[in-house]
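Structure record follows, encoded as structure tokens.
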Amino acid sequence: KNQVEQSPQSLIILEGKNCTLQCNYTVSPFSNLRWYKQDTGRGPVSLTIMTFSENTKSNGRYTATLDADTKQSSLHITASQLSDSASYICVVSMEYGNKLVFGAGTILRVKS
Amino acid sequence: DAGVTQSPTHLIKTRGQQVTLRCSPKSGHDTVSWYQQALGQGPQFIFQYYEEEERQRGNFPDRFSGHQFPNYSSELNVNALLLGDSALYLCASRSGTAMYGYTFGSGTRLTVV
């Protein structure tokens with residue numbers, strides 16, 4: 001069964017601290033993996049996208065890693081800001097990018 | 001360059017009514033997918049349109065139907081609304097030839113009372 005599992009379900013951190021979100025997937029055939037940030041009541045916004053051959057991709061304070069052998073990905077957020085408070089969703093594309101399998105997301109709350 | 005535009009932003013309907021949601025894809029995109037996202041959940045795939053035809057469908061009843069117009073814009077129709085249909089409805093578009101590149105709209109928040 002094609003699934004994407006994320007952990008933790010929710011996370012609270014202090015402003016300025018780092019955090020890492022996890023994503024494990026069982027999707028085949030794998031096309032690419034994306035991390036999205038979704039503010040409450042808004043559509044997801046793409047942070048990073050990685051194909052099978054890419055191990056790391058950065059976008060400012062966001063760094064995503066991908067281990068295609070273990071089918072695991074992580075999203076590391078450095079020096080968190082209050083505006084980082086959102087849901088972070090891991091999405092795996094299959095069938096040459098035509099089908100998306102969504103994780104349930106990790107809700108991140110950054111406190112001052 | 002406008003991204004994906006959805007309307008309306010918010011909508012309140014009564015149980016049993018019908019609703020139509022609209023989506024204009026990003027410029028250059030010709031494939032539109034619709035998702036339902038319940039509160040606290042990840043988006044669930046409803047269906048995808050390409051060349052004015054429904055190409056793929058998720059596990060949603062026939063009450064959910066759609067349409068794509070020659071200009072690639074799309075509509076999602078839901079008949080006989082249930083309380084459980086309350087959700088954020090997301091539209092995503094991409095170029096049919098692109099390996100990746102889904103762009104999401106901001107969604108329509110539907111509340112059924």
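The chains in the structure tokens are called A, B, ... from first to last as shown; in each chain the residues are counted from 1, and the ligands are counted from 1 in the order shown.
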
Name the residues in contact with Leu82 of chain A at a cut-off of 12 Å, using only C-alpha atoms, excluding same-chain residues fewer than 2 positions from it; report them as a PyMOL selection string.
chain A and resi 12-17+79-80+84-86+108-112

Exercise answer, chain A residues close to chain B, 12 Å and only C-alpha atoms, as a PDB file with N, CA, C and O atoms, in the first residue's frame:
ATOM      1  N   GLN A   3       1.939   4.592   1.121  1.00  0.00           N
ATOM      2  CA  GLN A   3       1.694   5.404   2.305  1.00  0.00           C
ATOM      3  C   GLN A   3       2.854   6.336   2.588  1.00  0.00           C
ATOM      4  O   GLN A   3       4.006   6.058   2.249  1.00  0.00           O
ATOM      5  N   VAL A   4       2.536   7.453   3.239  1.00  0.00           N
ATOM      6  CA  VAL A   4       3.529   8.392   3.721  1.00  0.00           C
ATOM      7  C   VAL A   4       3.219   8.650   5.190  1.00  0.00           C
ATOM      8  O   VAL A   4       2.100   9.062   5.516  1.00  0.00           O
ATOM      9  N   GLU A   5       4.196   8.394   6.047  1.00  0.00           N
ATOM     10  CA  GLU A   5       3.997   8.582   7.475  1.00  0.00           C
ATOM     11  C   GLU A   5       4.951   9.654   7.986  1.00  0.00           C
ATOM     12  O   GLU A   5       6.153   9.621   7.688  1.00  0.00           O
ATOM     13  N   GLN A   6       4.420  10.560   8.773  1.00  0.00           N
ATOM     14  CA  GLN A   6       5.236  11.651   9.297  1.00  0.00           C
ATOM     15  C   GLN A   6       5.267  11.607  10.817  1.00  0.00           C
ATOM     16  O   GLN A   6       4.301  11.202  11.464  1.00  0.00           O
ATOM     17  N   GLN A   9       3.731  14.006  15.272  1.00  0.00           N
ATOM     18  CA  GLN A   9       2.439  14.543  14.841  1.00  0.00           C
ATOM     19  C   GLN A   9       2.387  16.044  15.090  1.00  0.00           C
ATOM     20  O   GLN A   9       1.830  16.802  14.312  1.00  0.00           O
ATOM     21  N   SER A  10       2.971  16.464  16.208  1.00  0.00           N
ATOM     22  CA  SER A  10       3.039  17.881  16.527  1.00  0.00           C
ATOM     23  C   SER A  10       4.306  18.147  17.323  1.00  0.00           C
ATOM     24  O   SER A  10       4.876  17.237  17.940  1.00  0.00           O
ATOM     25  N   PHE A  30       8.503   5.396  -7.210  1.00  0.00           N
ATOM     26  CA  PHE A  30       8.812   6.707  -6.661  1.00  0.00           C
ATOM     27  C   PHE A  30       9.215   7.655  -7.786  1.00  0.00           C
ATOM     28  O   PHE A  30       9.956   7.289  -8.689  1.00  0.00           O
ATOM     29  N   SER A  31       8.697   8.878  -7.709  1.00  0.00           N
ATOM     30  CA  SER A  31       9.079   9.886  -8.688  1.00  0.00           C
ATOM     31  C   SER A  31       9.862  11.013  -8.026  1.00  0.00           C
ATOM     32  O   SER A  31      10.966  11.331  -8.435  1.00  0.00           O
ATOM     33  N   ASN A  32       9.290  11.622  -7.012  1.00  0.00           N
ATOM     34  CA  ASN A  32       9.981  12.673  -6.275  1.00  0.00           C
ATOM     35  C   ASN A  32       9.299  12.884  -4.933  1.00  0.00           C
ATOM     36  O   ASN A  32       8.195  12.390  -4.696  1.00  0.00           O
ATOM     37  N   LEU A  33       9.977  13.609  -4.060  1.00  0.00           N
ATOM     38  CA  LEU A  33       9.451  13.889  -2.722  1.00  0.00           C
ATOM     39  C   LEU A  33       9.500  15.382  -2.487  1.00  0.00           C
ATOM     40  O   LEU A  33      10.530  16.020  -2.745  1.00  0.00           O
ATOM     41  N   ARG A  34       8.399  15.920  -1.996  1.00  0.00           N
ATOM     42  CA  ARG A  34       8.310  17.344  -1.722  1.00  0.00           C
ATOM     43  C   ARG A  34       7.910  17.579  -0.274  1.00  0.00           C
ATOM     44  O   ARG A  34       7.127  16.819   0.308  1.00  0.00           O
ATOM     45  N   TRP A  35       8.471  18.647   0.286  1.00  0.00           N
ATOM     46  CA  TRP A  35       8.006  19.150   1.565  1.00  0.00           C
ATOM     47  C   TRP A  35       7.229  20.439   1.303  1.00  0.00           C
ATOM     48  O   TRP A  35       7.698  21.337   0.567  1.00  0.00           O
ATOM     49  N   TYR A  36       6.052  20.506   1.911  1.00  0.00           N
ATOM     50  CA  TYR A  36       5.207  21.680   1.798  1.00  0.00           C
ATOM     51  C   TYR A  36       5.002  22.292   3.175  1.00  0.00           C
ATOM     52  O   TYR A  36       4.938  21.587   4.187  1.00  0.00           O
ATOM     53  N   LYS A  37       4.862  23.608   3.190  1.00  0.00           N
ATOM     54  CA  LYS A  37       4.457  24.314   4.404  1.00  0.00           C
ATOM     55  C   LYS A  37       3.024  24.786   4.178  1.00  0.00           C
ATOM     56  O   LYS A  37       2.729  25.386   3.136  1.00  0.00           O
ATOM     57  N   GLN A  38       2.177  24.501   5.143  1.00  0.00           N
ATOM     58  CA  GLN A  38       0.791  24.906   5.008  1.00  0.00           C
ATOM     59  C   GLN A  38       0.354  25.687   6.232  1.00  0.00           C
ATOM     60  O   GLN A  38       0.266  25.147   7.333  1.00  0.00           O
ATOM     61  N   ASP A  39       0.067  26.960   6.033  1.00  0.00           N
ATOM     62  CA  ASP A  39      -0.495  27.769   7.098  1.00  0.00           C
ATOM     63  C   ASP A  39      -1.966  27.407   7.259  1.00  0.00           C
ATOM     64  O   ASP A  39      -2.613  26.962   6.299  1.00  0.00           O
ATOM     65  N   THR A  40      -2.490  27.606   8.430  1.00  0.00           N
ATOM     66  CA  THR A  40      -3.868  27.216   8.741  1.00  0.00           C
ATOM     67  C   THR A  40      -4.836  27.847   7.751  1.00  0.00           C
ATOM     68  O   THR A  40      -4.821  29.065   7.547  1.00  0.00           O
ATOM     69  N   GLY A  41      -5.676  27.003   7.141  1.00  0.00           N
ATOM     70  CA  GLY A  41      -6.686  27.487   6.224  1.00  0.00           C
ATOM     71  C   GLY A  41      -6.177  27.931   4.869  1.00  0.00           C
ATOM     72  O   GLY A  41      -6.920  28.505   4.081  1.00  0.00           O
ATOM     73  N   ARG A  42      -4.918  27.681   4.589  1.00  0.00           N
ATOM     74  CA  ARG A  42      -4.318  28.080   3.316  1.00  0.00           C
ATOM     75  C   ARG A  42      -3.848  26.852   2.540  1.00  0.00           C
ATOM     76  O   ARG A  42      -3.731  25.758   3.081  1.00  0.00           O
ATOM     77  N   GLY A  43      -3.552  27.048   1.264  1.00  0.00           N
ATOM     78  CA  GLY A  43      -3.037  25.957   0.470  1.00  0.00           C
ATOM     79  C   GLY A  43      -1.572  25.698   0.760  1.00  0.00           C
ATOM     80  O   GLY A  43      -0.860  26.569   1.242  1.00  0.00           O
ATOM     81  N   PRO A  44      -1.104  24.483   0.500  1.00  0.00           N
ATOM     82  CA  PRO A  44       0.309  24.153   0.740  1.00  0.00           C
ATOM     83  C   PRO A  44       1.235  24.939  -0.188  1.00  0.00           C
ATOM     84  O   PRO A  44       0.912  25.157  -1.349  1.00  0.00           O
ATOM     85  N   VAL A  45       2.387  25.314   0.332  1.00  0.00           N
ATOM     86  CA  VAL A  45       3.406  26.008  -0.441  1.00  0.00           C
ATOM     87  C   VAL A  45       4.658  25.153  -0.455  1.00  0.00           C
ATOM     88  O   VAL A  45       5.128  24.713   0.599  1.00  0.00           O
ATOM     89  N   SER A  46       5.205  24.912  -1.632  1.00  0.00           N
ATOM     90  CA  SER A  46       6.343  24.022  -1.761  1.00  0.00           C
ATOM     91  C   SER A  46       7.606  24.637  -1.148  1.00  0.00           C
ATOM     92  O   SER A  46       7.925  25.797  -1.378  1.00  0.00           O
ATOM     93  N   LEU A  47       8.315  23.821  -0.359  1.00  0.00           N
ATOM     94  CA  LEU A  47       9.591  24.239   0.224  1.00  0.00           C
ATOM     95  C   LEU A  47      10.765  23.646  -0.545  1.00  0.00           C
ATOM     96  O   LEU A  47      11.697  24.341  -0.915  1.00  0.00           O
ATOM     97  N   THR A  48      10.733  22.334  -0.735  1.00  0.00           N
ATOM     98  CA  THR A  48      11.815  21.641  -1.440  1.00  0.00           C
ATOM     99  C   THR A  48      11.230  20.497  -2.245  1.00  0.00           C
ATOM    100  O   THR A  48      10.160  19.987  -1.937  1.00  0.00           O
ATOM    101  N   ILE A  49      11.960  20.091  -3.261  1.00  0.00           N
ATOM    102  CA  ILE A  49      11.594  18.916  -4.025  1.00  0.00           C
ATOM    103  C   ILE A  49      12.866  18.147  -4.359  1.00  0.00           C
ATOM    104  O   ILE A  49      13.887  18.743  -4.701  1.00  0.00           O
ATOM    105  N   MET A  50      12.799  16.830  -4.200  1.00  0.00           N
ATOM    106  CA  MET A  50      13.979  16.007  -4.460  1.00  0.00           C
ATOM    107  C   MET A  50      13.592  14.789  -5.289  1.00  0.00           C
ATOM    108  O   MET A  50      12.566  14.154  -5.039  1.00  0.00           O
ATOM    109  N   THR A  51      14.434  14.477  -6.245  1.00  0.00           N
ATOM    110  CA  THR A  51      14.241  13.268  -7.023  1.00  0.00           C
ATOM    111  C   THR A  51      15.072  12.144  -6.415  1.00  0.00           C
ATOM    112  O   THR A  51      15.778  12.350  -5.414  1.00  0.00           O
ATOM    113  N   ALA A  86       3.328  26.297  11.519  1.00  0.00           N
ATOM    114  CA  ALA A  86       2.503  25.841  10.392  1.00  0.00           C
ATOM    115  C   ALA A  86       2.464  24.317  10.425  1.00  0.00           C
ATOM    116  O   ALA A  86       3.078  23.686  11.291  1.00  0.00           O
ATOM    117  N   SER A  87       1.773  23.762   9.456  1.00  0.00           N
ATOM    118  CA  SER A  87       1.797  22.316   9.246  1.00  0.00           C
ATOM    119  C   SER A  87       2.775  22.025   8.118  1.00  0.00           C
ATOM    120  O   SER A  87       2.772  22.716   7.099  1.00  0.00           O
ATOM    121  N   TYR A  88       3.617  21.032   8.315  1.00  0.00           N
ATOM    122  CA  TYR A  88       4.601  20.671   7.292  1.00  0.00           C
ATOM    123  C   TYR A  88       4.234  19.301   6.749  1.00  0.00           C
ATOM    124  O   TYR A  88       4.149  18.321   7.491  1.00  0.00           O
ATOM    125  N   ILE A  89       3.994  19.255   5.461  1.00  0.00           N
ATOM    126  CA  ILE A  89       3.474  18.051   4.834  1.00  0.00           C
ATOM    127  C   ILE A  89       4.506  17.461   3.883  1.00  0.00           C
ATOM    128  O   ILE A  89       5.089  18.173   3.056  1.00  0.00           O
ATOM    129  N   CYS A  90       4.716  16.186   4.008  1.00  0.00           N
ATOM    130  CA  CYS A  90       5.604  15.432   3.114  1.00  0.00           C
ATOM    131  C   CYS A  90       4.731  14.798   2.033  1.00  0.00           C
ATOM    132  O   CYS A  90       3.734  14.141   2.340  1.00  0.00           O
ATOM    133  N   VAL A  91       5.087  15.015   0.804  1.00  0.00           N
ATOM    134  CA  VAL A  91       4.284  14.514  -0.316  1.00  0.00           C
ATOM    135  C   VAL A  91       5.186  13.755  -1.279  1.00  0.00           C
ATOM    136  O   VAL A  91       6.195  14.281  -1.743  1.00  0.00           O
ATOM    137  N   VAL A  92       4.827  12.533  -1.558  1.00  0.00           N
ATOM    138  CA  VAL A  92       5.608  11.714  -2.487  1.00  0.00           C
ATOM    139  C   VAL A  92       4.836  11.554  -3.790  1.00  0.00           C
ATOM    140  O   VAL A  92       3.649  11.206  -3.786  1.00  0.00           O
ATOM    141  N   SER A  93       5.512  11.817  -4.879  1.00  0.00           N
ATOM    142  CA  SER A  93       4.896  11.648  -6.194  1.00  0.00           C
ATOM    143  C   SER A  93       5.241  10.287  -6.754  1.00  0.00           C
ATOM    144  O   SER A  93       6.363   9.805  -6.591  1.00  0.00           O
ATOM    145  N   MET A  94       4.303   9.694  -7.417  1.00  0.00           N
ATOM    146  CA  MET A  94       4.533   8.416  -8.078  1.00  0.00           C
ATOM    147  C   MET A  94       4.034   8.510  -9.503  1.00  0.00           C
ATOM    148  O   MET A  94       3.401   9.487  -9.897  1.00  0.00           O
ATOM    149  N   GLU A  95       4.355   7.518 -10.266  1.00  0.00           N
ATOM    150  CA  GLU A  95       3.898   7.474 -11.663  1.00  0.00           C
ATOM    151  C   GLU A  95       4.297   8.721 -12.420  1.00  0.00           C
ATOM    152  O   GLU A  95       3.472   9.434 -12.983  1.00  0.00           O
ATOM    153  N   TYR A  96       5.590   8.994 -12.413  1.00  0.00           N
ATOM    154  CA  TYR A  96       6.154  10.107 -13.160  1.00  0.00           C
ATOM    155  C   TYR A  96       5.537  11.436 -12.748  1.00  0.00           C
ATOM    156  O   TYR A  96       5.315  12.321 -13.561  1.00  0.00           O
ATOM    157  N   GLY A  97       5.252  11.526 -11.448  1.00  0.00           N
ATOM    158  CA  GLY A  97       4.763  12.779 -10.915  1.00  0.00           C
ATOM    159  C   GLY A  97       3.277  12.986 -11.051  1.00  0.00           C
ATOM    160  O   GLY A  97       2.752  14.029 -10.692  1.00  0.00           O
ATOM    161  N   ASN A  98       2.578  12.004 -11.551  1.00  0.00           N
ATOM    162  CA  ASN A  98       1.162  12.194 -11.821  1.00  0.00           C
ATOM    163  C   ASN A  98       0.274  11.981 -10.603  1.00  0.00           C
ATOM    164  O   ASN A  98      -0.797  12.543 -10.502  1.00  0.00           O
ATOM    165  N   LYS A  99       0.713  11.168  -9.672  1.00  0.00           N
ATOM    166  CA  LYS A  99      -0.082  10.894  -8.479  1.00  0.00           C
ATOM    167  C   LYS A  99       0.679  11.340  -7.248  1.00  0.00           C
ATOM    168  O   LYS A  99       1.888  11.116  -7.138  1.00  0.00           O
ATOM    169  N   LEU A 100      -0.029  11.932  -6.328  1.00  0.00           N
ATOM    170  CA  LEU A 100       0.577  12.417  -5.092  1.00  0.00           C
ATOM    171  C   LEU A 100       0.049  11.620  -3.912  1.00  0.00           C
ATOM    172  O   LEU A 100      -1.144  11.374  -3.821  1.00  0.00           O
ATOM    173  N   VAL A 101       0.940  11.257  -3.026  1.00  0.00           N
ATOM    174  CA  VAL A 101       0.564  10.592  -1.782  1.00  0.00           C
ATOM    175  C   VAL A 101       0.979  11.514  -0.646  1.00  0.00           C
ATOM    176  O   VAL A 101       2.176  11.830  -0.516  1.00  0.00           O
ATOM    177  N   PHE A 102       0.035  11.938   0.154  1.00  0.00           N
ATOM    178  CA  PHE A 102       0.282  12.929   1.189  1.00  0.00           C
ATOM    179  C   PHE A 102       0.480  12.276   2.547  1.00  0.00           C
ATOM    180  O   PHE A 102      -0.211  11.317   2.908  1.00  0.00           O
ATOM    181  N   GLY A 103       1.417  12.821   3.310  1.00  0.00           N
ATOM    182  CA  GLY A 103       1.467  12.509   4.720  1.00  0.00           C
ATOM    183  C   GLY A 103       0.428  13.348   5.458  1.00  0.00           C
ATOM    184  O   GLY A 103      -0.138  14.283   4.889  1.00  0.00           O
ATOM    185  N   ALA A 104       0.174  12.984   6.711  1.00  0.00           N
ATOM    186  CA  ALA A 104      -0.827  13.711   7.493  1.00  0.00           C
ATOM    187  C   ALA A 104      -0.295  15.039   7.999  1.00  0.00           C
ATOM    188  O   ALA A 104      -1.063  15.883   8.467  1.00  0.00           O
ATOM    189  N   GLY A 105       1.024  15.218   7.932  1.00  0.00           N
ATOM    190  CA  GLY A 105       1.617  16.481   8.342  1.00  0.00           C
ATOM    191  C   GLY A 105       2.108  16.493   9.775  1.00  0.00           C
ATOM    192  O   GLY A 105       1.679  15.691  10.613  1.00  0.00           O
ATOM    193  N   THR A 106       3.045  17.382  10.040  1.00  0.00           N
ATOM    194  CA  THR A 106       3.519  17.675  11.393  1.00  0.00           C
ATOM    195  C   THR A 106       3.157  19.118  11.689  1.00  0.00           C
ATOM    196  O   THR A 106       3.520  20.011  10.916  1.00  0.00           O
ATOM    197  N   ILE A 107       2.458  19.309  12.795  1.00  0.00           N
ATOM    198  CA  ILE A 107       2.088  20.670  13.187  1.00  0.00           C
ATOM    199  C   ILE A 107       3.196  21.228  14.062  1.00  0.00           C
ATOM    200  O   ILE A 107       3.474  20.700  15.138  1.00  0.00           O
TER     201      ILE A 107
END

Extract the full set of strand (DSSP E or B) residues from segment 1-103 of chain A according to DSSP on the backbone, and format it as a PyMOL selection string.
chain A and resi 3-7+10-14+19-26+30-38+45-51+56-59+62-67+72-77+86-94+99-102
